[in-house]
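Asker: One structure follows; several queries about it will come next.
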2 protein chains.
Amino acid sequence: MTVPATLVSERSERRRREVCEAARRVIARKGLEVTTMREVSREGGFTTGVLTHYFPHKQAVIQGAFAAASDDWIAEVRDRLARAGSPEDQLVTLVRAALPADGRRQAEWRLWSEMWTYAGGDPVFAAQLVATDAVWEREIGRVLLRAQTAGVIADVDARVEAAVLARLIDGLGLRAWLSGRWEDARRTLVQHLATIGVGTSLQERMLLPCGDDEGDP
Amino acid sequence: MTVPATLVSERSERRRREVCEAARRVIARKGLEVTTMREVSREGGFTTGVLTHYFPHKQAVIQGAFAAASDDWIAEVRDRLARAGSPEDQLVTLVRAALPADGRRQAEWRLWSEMWTYAGGDPVFAAQLVATDAVWEREIGRVLLRAQTAGVIADVDARVEAAVLARLIDGLGLRAWLSGRWEDARRTLVQHLATIGVGTSLQERMLLPCGDDEGDP
DNA sequence: CTCTTTTCATAACAACCATTATGATGGCGC
DNA sequence: GCGCCATCATAATGGTTGTTATGAAAAGAG
């Protein structure tokens with residue numbers, strides 16, 4: 001109490017985040033079932049003492065890891081969309097972000113899968129997850145609306161189409177993660193986008209391998 | 001060996017199935033993480049001796065439960081589609097089967113969710129799961145094709161649309177299970193079906209509460 | 001430097017797990 | 001009725017888990 005609260009929380013918050021990142025890596029690599037306190041500690045390079053010091057129980061660690069992953073995801077999407085200039089580029093970015101060609105990003109789908117089933121047993125966390133998803137869906141809607149006013153896609157109901165796209169991506173990503181057929185998933189997504197008026201040239205750009213996935217258009 | 005193999009396997013097979021059903025109920029109710037041998041035994045009304053006698057290890061019990069659920073699901077869908085006479089009825093049946101209004105059937109989505117994440121750590125089982133899904137997707141395609149030749153829906157690529165619908169349903173069901181907003185999910189699905197030419201009267205039938213969910217059209 | 005508090009490692013604990021071993025029971029062929 | 005084998009209950013085992021307790025180092029305030 002004698003020290004400014006901001007400094008204390010800054011240091012500890014960084015450590016806390018470090019723990020969450022370690023947990024996140026373990027979950028994404030081996031799954032939640034084999035994610036143990038000791039395993040997370042080993043991953044982060046410390047002992048379980050750190051975990052117990054910053055978190056009241058394991059549940060909090062898991063939730064922290066999931067929350068961190070969600071925040072990172074939505075932040076990254078917003079950043080990439082902002083850096084994509086034209087409506088066309090934004091559409092391409094959306095597809096690439098949703099169904100990545102990069103192996104490490106594909107592996108993140110395991111995290112989402114684990115997160116969903118975990119949320120099924122934790123109503124409070126499920127509510128947070130649904131809220132985060134609403135942000136993602138709205139982001140999709142914004143891209144669609146902008147593309148629409150630019151005449152890049154047809155004049156469908158953007159709100160409905162955003163909901164459809166968000167759910168379609170959920171299903172496609174999940175299946176692709178299970179089957180390993182990411183190209184098929186992306187092709188299906190693009191074929192669907194074609195039905196709402198995305199032109200063939202844009203379709204081709206969406207399907208391009210594009211080794212470097214971060215640099216967008 | 002002194003007794004006809006068919007008789008032996010008939011009796012034991014029934015018991016085996018009984019175990020799978022018990023496991024399935026526990027998973028759907030409490031999730032895979034708290035599904036233990038003792039819990040499954042208690043659910044089935046026997047002891048762990050039965051489990052260990054019919055299954056080499058827990059993994060096999062889980063896989064058996066999942067396989068039984070998958071088989072039941074695909075069998076039920078086929079049955080309900082067969083009993084639905086017209087192409088219109090089949091479309092309605094498809095929507096109702098995918099996103100049920102009945103609480104017990106909705107709860108089954110927890111099973112699917114658990115199944116998917118489990119499959120993520122078991123490539124062999126994941127392959128089975130993908131194969132089963134292909135059957136389901138083909139069933140959707142058949143319904144679409146029939147509706148198409150009857151002029152009930154527009155002239156889209158049935159194969160592509162079946163893939164889209166299968167994934168869309170995955171995402172919609174999963175989200176609905178997490179959020180509890182099943183009506184929204186069904187409405188989104190119907191709105192999407194409207195874009196492939198499903199008429200307004202059919203749309204209304206799909207959205208009807210229809211208390212009794214089993215008796216179809 | 002001294003005291004206080006945060007930070008963390010280590011070890012111990014009690015609970016629970018899957019699995020195995022053992023023996024009782026009952027049906028079925030002969 | 002005898003013996004055999006499938007069936008199952010019971011109990012024990014070895015390992016792992018989340019959590020807690022304890023104390024040492026380190027950092028910061030005065």
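To be explicit about the labels: the chains of the structure tokens are called A, B, and onward in the order shown, and within each one the residues are counted from 1, while ligands get numbers from 1 in the order they are shown.
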With 12 Å as the limit and counting only C-alpha atoms (C1' of nucleotides), what residues in chain D lie close to chain A? Please list them as a VMD selection string.
Answerer: chain D and resid 16 to 22 27 to 30
Asker: Find the residues around DC2 in chain D up to 12 Å (only C-alpha atoms (C1' of nucleotides) counted), leave out those fewer than 2 positions away in its own chain, and share them as a list in words.
Answerer: DC28, DG29 and DC30 of chain C; DC4 of chain D
Asker: I need the contact residues of chain C against chain A, so if you could list those with any atom within 9 Å, counting only C-alpha atoms (C1' of nucleotides), and return them as a list in words, that would help.
Answerer: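 Per the criterion, chain C yields DT7, DC8, DA9 and DT10 of chain C.
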Asker: One decimal, in Å: what's the spacing between CA of Leu94 in chain B and CA of Arg205 in chain B?
Answerer: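 Atom-to-atom, CA of Leu94 in chain B to CA of Arg205 in chain B, that is 11.9 Å.
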Asker: Closest to chain A among B:Val40, B:Ala84, B:Ala69, B:Val130, using only C-alpha atoms?
Answerer: B:Val130
